[in-house]
$ cat entry_10.cif   # mmCIF, C-alpha atoms; chains and numbers go by the auth columns
data_protein
loop_
_atom_site.group_PDB
_atom_site.id
_atom_site.type_symbol
_atom_site.label_atom_id
_atom_site.label_comp_id
_atom_site.label_asym_id
_atom_site.label_seq_id
_atom_site.Cartn_x
_atom_site.Cartn_y
_atom_site.Cartn_z
_atom_site.B_iso_or_equiv
_atom_site.auth_seq_id
_atom_site.auth_asym_id
ATOM 1 C CA MET A 1 0.000 0.000 0.000 0.00 622 A
ATOM 2 C CA ALA A 2 1.152 3.525 -0.754 0.00 623 A
ATOM 3 C CA LYS A 3 -0.216 6.775 0.582 0.00 624 A
ATOM 4 C CA TYR A 4 -1.043 9.701 -1.680 0.00 625 A
ATOM 5 C CA LEU A 5 -2.179 13.238 -1.000 0.00 626 A
ATOM 6 C CA ILE A 6 -4.846 14.639 -3.319 0.00 627 A
ATOM 7 C CA LEU A 7 -4.906 18.449 -3.199 0.00 628 A
ATOM 8 C CA LYS A 8 -7.856 20.554 -4.318 0.00 629 A
ATOM 9 C CA HIS A 9 -7.200 24.189 -5.197 0.00 630 A
ATOM 10 C CA TYR A 10 -9.623 27.103 -4.835 0.00 631 A
ATOM 11 C CA ARG A 11 -9.196 28.536 -8.305 0.00 632 A
ATOM 12 C CA MET A 12 -7.460 27.528 -11.467 0.00 633 A
ATOM 13 C CA PRO A 13 -7.383 29.211 -14.870 0.00 634 A
ATOM 14 C CA GLU A 14 -10.409 28.411 -17.018 0.00 635 A
ATOM 15 C CA GLN A 15 -8.292 26.466 -19.501 0.00 636 A
ATOM 16 C CA TYR A 16 -7.540 23.939 -16.745 0.00 637 A
ATOM 17 C CA MET A 17 -11.063 23.166 -15.580 0.00 638 A
ATOM 18 C CA ASP A 18 -14.760 23.707 -16.232 0.00 639 A
ATOM 19 C CA TYR A 19 -15.145 26.010 -13.290 0.00 640 A
ATOM 20 C CA THR A 20 -17.440 28.612 -11.860 0.00 641 A
ATOM 21 C CA PRO A 21 -16.270 29.745 -8.400 0.00 642 A
ATOM 22 C CA MET A 22 -18.245 28.157 -5.578 0.00 643 A
ATOM 23 C CA ASP A 23 -19.356 31.570 -4.325 0.00 644 A
ATOM 24 C CA GLN A 24 -21.401 31.775 -7.546 0.00 645 A
ATOM 25 C CA TRP A 25 -23.165 28.433 -6.958 0.00 646 A
ATOM 26 C CA SER A 26 -26.627 28.078 -5.467 0.00 647 A
ATOM 27 C CA PRO A 27 -26.928 26.543 -1.988 0.00 648 A
ATOM 28 C CA ASP A 28 -28.282 23.354 -3.614 0.00 649 A
ATOM 29 C CA GLU A 29 -25.240 23.170 -5.917 0.00 650 A
ATOM 30 C CA VAL A 30 -22.880 23.562 -2.959 0.00 651 A
ATOM 31 C CA ASP A 31 -24.803 20.862 -1.068 0.00 652 A
ATOM 32 C CA ALA A 32 -24.564 18.514 -4.077 0.00 653 A
ATOM 33 C CA HIS A 33 -20.809 19.080 -4.305 0.00 654 A
ATOM 34 C CA VAL A 34 -20.289 18.402 -0.601 0.00 655 A
ATOM 35 C CA ALA A 35 -22.543 15.317 -0.780 0.00 656 A
ATOM 36 C CA TYR A 36 -20.438 13.976 -3.682 0.00 657 A
ATOM 37 C CA MET A 37 -17.239 14.517 -1.712 0.00 658 A
ATOM 38 C CA ASN A 38 -18.703 12.810 1.373 0.00 659 A
ATOM 39 C CA ALA A 39 -20.024 9.865 -0.660 0.00 660 A
ATOM 40 C CA PHE A 40 -16.620 9.497 -2.317 0.00 661 A
ATOM 41 C CA ALA A 41 -14.922 9.431 1.104 0.00 662 A
ATOM 42 C CA ASP A 42 -17.470 6.894 2.388 0.00 663 A
ATOM 43 C CA LYS A 43 -16.786 4.627 -0.609 0.00 664 A
ATOM 44 C CA LEU A 44 -13.068 4.749 0.159 0.00 665 A
ATOM 45 C CA LYS A 45 -13.712 4.047 3.836 0.00 666 A
ATOM 46 C CA ASP A 46 -15.616 0.917 2.791 0.00 667 A
ATOM 47 C CA SER A 47 -12.732 -0.208 0.548 0.00 668 A
ATOM 48 C CA GLY A 48 -10.099 0.577 3.207 0.00 669 A
ATOM 49 C CA GLU A 49 -8.426 3.192 0.986 0.00 670 A
ATOM 50 C CA PHE A 50 -9.465 6.314 2.934 0.00 671 A
ATOM 51 C CA VAL A 51 -7.062 7.838 5.452 0.00 672 A
ATOM 52 C CA ASP A 52 -8.352 11.385 6.069 0.00 673 A
ATOM 53 C CA SER A 53 -9.661 14.523 4.378 0.00 674 A
ATOM 54 C CA GLN A 54 -10.362 18.132 5.243 0.00 675 A
ATOM 55 C CA ALA A 55 -11.786 21.182 3.539 0.00 676 A
ATOM 56 C CA LEU A 56 -9.887 24.394 4.154 0.00 677 A
ATOM 57 C CA SER A 57 -11.000 28.004 4.429 0.00 678 A
ATOM 58 C CA PRO A 58 -9.681 30.418 1.799 0.00 679 A
ATOM 59 C CA GLU A 59 -8.334 32.619 4.622 0.00 680 A
ATOM 60 C CA GLY A 60 -4.890 31.900 6.003 0.00 681 A
ATOM 61 C CA THR A 61 -1.624 33.424 7.129 0.00 682 A
ATOM 62 C CA PHE A 62 1.871 32.819 5.826 0.00 683 A
ATOM 63 C CA VAL A 63 4.385 32.618 8.679 0.00 684 A
ATOM 64 C CA ARG A 64 8.171 32.732 8.546 0.00 685 A
ATOM 65 C CA SER A 65 10.622 32.842 11.423 0.00 686 A
ATOM 66 C CA GLY A 66 12.107 36.259 12.066 0.00 687 A
ATOM 67 C CA GLY A 67 15.175 34.638 13.637 0.00 688 A
ATOM 68 C CA PRO A 68 16.104 33.867 17.244 0.00 689 A
ATOM 69 C CA GLY A 69 14.313 36.164 19.658 0.00 690 A
ATOM 70 C CA LYS A 70 12.358 37.891 16.903 0.00 691 A
ATOM 71 C CA PRO A 71 8.634 37.575 16.204 0.00 692 A
ATOM 72 C CA PRO A 72 7.551 35.607 13.135 0.00 693 A
ATOM 73 C CA VAL A 73 7.128 37.491 9.896 0.00 694 A
ATOM 74 C CA THR A 74 3.570 37.154 8.597 0.00 695 A
ATOM 75 C CA ASP A 75 3.194 39.669 5.790 0.00 696 A
ATOM 76 C CA GLY A 76 4.133 37.875 2.596 0.00 697 A
ATOM 77 C CA PRO A 77 4.909 36.464 0.200 0.00 698 A
ATOM 78 C CA PHE A 78 1.338 35.756 -0.818 0.00 699 A
ATOM 79 C CA PRO A 79 0.414 33.410 -3.652 0.00 700 A
ATOM 80 C CA GLU A 80 -2.138 34.175 -6.304 0.00 701 A
ATOM 81 C CA THR A 81 -5.648 33.051 -5.323 0.00 702 A
ATOM 82 C CA LYS A 82 -5.457 30.084 -7.712 0.00 703 A
ATOM 83 C CA ASP A 83 -2.618 28.667 -5.628 0.00 704 A
ATOM 84 C CA LEU A 84 -4.591 28.416 -2.381 0.00 705 A
ATOM 85 C CA ILE A 85 -5.445 24.903 -1.286 0.00 706 A
ATOM 86 C CA ALA A 86 -9.169 24.287 -0.845 0.00 707 A
ATOM 87 C CA GLY A 87 -8.822 20.906 0.786 0.00 708 A
ATOM 88 C CA TRP A 88 -7.080 17.597 0.722 0.00 709 A
ATOM 89 C CA MET A 89 -7.644 13.882 0.949 0.00 710 A
ATOM 90 C CA VAL A 90 -5.140 11.217 1.911 0.00 711 A
ATOM 91 C CA ILE A 91 -5.628 7.800 0.351 0.00 712 A
ATOM 92 C CA ASP A 92 -3.791 4.509 0.892 0.00 713 A
ATOM 93 C CA VAL A 93 -3.909 2.420 -2.273 0.00 714 A
ATOM 94 C CA ASP A 94 -2.236 -0.591 -3.887 0.00 715 A
ATOM 95 C CA SER A 95 -0.782 1.261 -6.849 0.00 716 A
ATOM 96 C CA TYR A 96 -0.109 4.554 -8.563 0.00 717 A
ATOM 97 C CA ASP A 97 -2.672 3.590 -11.196 0.00 718 A
ATOM 98 C CA ARG A 98 -5.347 3.231 -8.510 0.00 719 A
ATOM 99 C CA ALA A 99 -4.396 6.650 -7.094 0.00 720 A
ATOM 100 C CA LEU A 100 -4.792 8.149 -10.599 0.00 721 A
ATOM 101 C CA GLU A 101 -8.164 6.436 -11.013 0.00 722 A
ATOM 102 C CA LEU A 102 -9.477 7.814 -7.719 0.00 723 A
ATOM 103 C CA ALA A 103 -8.151 11.331 -8.355 0.00 724 A
ATOM 104 C CA GLY A 104 -9.867 11.277 -11.763 0.00 725 A
ATOM 105 C CA GLU A 105 -13.147 10.287 -10.154 0.00 726 A
ATOM 106 C CA LEU A 106 -12.816 13.002 -7.519 0.00 727 A
ATOM 107 C CA SER A 107 -12.113 15.551 -10.268 0.00 728 A
ATOM 108 C CA ALA A 108 -15.637 14.986 -11.591 0.00 729 A
ATOM 109 C CA ALA A 109 -17.379 16.395 -8.501 0.00 730 A
ATOM 110 C CA PRO A 110 -20.430 18.418 -9.529 0.00 731 A
ATOM 111 C CA GLY A 111 -20.350 22.189 -9.690 0.00 732 A
ATOM 112 C CA LYS A 112 -22.558 24.886 -11.190 0.00 733 A
ATOM 113 C CA GLY A 113 -25.642 23.361 -12.789 0.00 734 A
ATOM 114 C CA GLY A 114 -24.702 19.927 -11.425 0.00 735 A
ATOM 115 C CA GLU A 115 -22.125 19.471 -14.185 0.00 736 A
ATOM 116 C CA PRO A 116 -18.739 17.881 -13.362 0.00 737 A
ATOM 117 C CA ILE A 117 -16.139 20.568 -12.726 0.00 738 A
ATOM 118 C CA ASN A 118 -13.332 18.351 -14.105 0.00 739 A
ATOM 119 C CA GLU A 119 -10.805 20.163 -11.970 0.00 740 A
ATOM 120 C CA TRP A 120 -7.118 19.435 -12.049 0.00 741 A
ATOM 121 C CA LEU A 121 -6.140 17.838 -8.755 0.00 742 A
ATOM 122 C CA GLU A 122 -2.603 17.584 -7.474 0.00 743 A
ATOM 123 C CA LEU A 123 -1.646 13.983 -6.676 0.00 744 A
ATOM 124 C CA ARG A 124 1.480 13.554 -4.573 0.00 745 A
ATOM 125 C CA PRO A 125 2.917 10.373 -3.082 0.00 746 A
ATOM 126 C CA PHE A 126 4.053 10.351 0.515 0.00 747 A
ATOM 127 C CA LEU A 127 7.815 10.154 0.883 0.00 748 A
ATOM 128 C CA ASP A 128 8.606 6.604 2.001 0.00 749 A
ATOM 129 C CA HIS A 129 11.681 7.639 3.916 0.00 750 A
ATOM 130 C CA ALA A 130 13.722 10.763 4.394 0.00 751 A
ATOM 131 C CA PRO A 131 16.582 10.914 1.891 0.00 752 A
ATOM 132 C CA SER A 132 20.047 10.898 3.354 0.00 753 A
ATOM 133 C CA VAL A 133 23.114 12.698 2.084 0.00 754 A
ATOM 134 C CA ASP A 134 24.547 9.301 1.109 0.00 755 A
ATOM 135 C CA GLU A 135 21.768 8.554 -1.400 0.00 756 A
#
$ encode --input "entry_10.cif" --output "structure tokens"
Amino acid sequence: MAKYLILKHYRMPEQYMDYTPMDQWSPDEVDAHVAYMNAFADKLKDSGEFVDSQALSPEGTFVRSGGPGKPPVTDGPFPETKDLIAGWMVIDVDSYDRALELAGELSAAPGKGGEPINEWLELRPFLDHAPSVDE
């Protein structure tokens, strides 16, 4: 089994997905999207492939150490809105191909008008072990 992180982003350029921002969806469309995500997670729980998932708020703070004895620096750099992570899901699957299959299915979550948003999702494997300087 291998663990993968599936990252959802708040906004991406139109050429990368069929997307209308969620703040322009009706309450029923938002509910349908969330229901799809929950049903997807439940299916993976039943198959033993679900590890965890969370939705994230668009608000956040970037923090960087100011050095010993100095307060953290919190005012920048800030990414473009499209780079903000909307949520994530961790899966534990038998193969990379299965991870691709599940990410593709998750990409089809419904959006405006109930149509699949076909969003690009970022799929990243967990690092099996920390690399050493000898490798």
$ resolve_selection --input "entry_10.cif" --expression "the PyMOL selection byres ((chain A and resi 717-721) around 10)" --output "MDAnalysis selection string"
chainID A and resid 622:627 670 712:716 722:727 742 744:746
$ closest_residue --input "entry_10.cif" --among "A:Ala662, A:Leu705, A:Gly732, A:Pro689" --to "A:Pro648" --atoms "all atoms listed in the file"
A:Gly732
$ closest_residue --input "entry_10.cif" --among "A:Gly669, A:Pro679, A:Pro693, A:Pro731" --to "A:Asp652" --atoms "only C-alpha atoms"
A:Pro731
$ atom_distance --input "entry_10.cif" --atom1 "atom CA of A:Val655" --atom2 "atom CA of A:Gln675"
11.5 Å
$ residues_around --input "entry_10.cif" --residues "A:Ile738" --least-positions-apart "3" --cutoff "10 Å" --atoms "only C-alpha atoms" --output "list in words"
Met638, Asp639, Tyr640, Thr641, His654, Leu727, Ser728, Ala729, Ala730, Pro731, Gly732, Lys733, Gly734, Gly735 and Trp741 of chain A
$ atom_distance --input "entry_10.cif" --atom1 "atom CA of A:Ala660" --atom2 "atom CA of A:Phe747"
24.1 Å
$ closest_residue --input "entry_10.cif" --among "A:Val694, A:Met643, A:Ile706, A:Leu665" --to "A:Leu677" --atoms "all atoms listed in the file"
A:Ile706
$ atom_distance --input "entry_10.cif" --atom1 "atom CA of A:Glu743" --atom2 "atom CA of A:Lys629"
6.8 Å
$ closest_residue --input "entry_10.cif" --among "A:Ala676, A:Glu650, A:Leu628, A:Asn739" --to "A:Val711" --atoms "only C-alpha atoms"
A:Leu628
$ closest_residue --input "entry_10.cif" --among "A:Ser678, A:Met710, A:His630, A:Val684" --to "A:Asn659" --atoms "all atoms listed in the file"
A:Met710
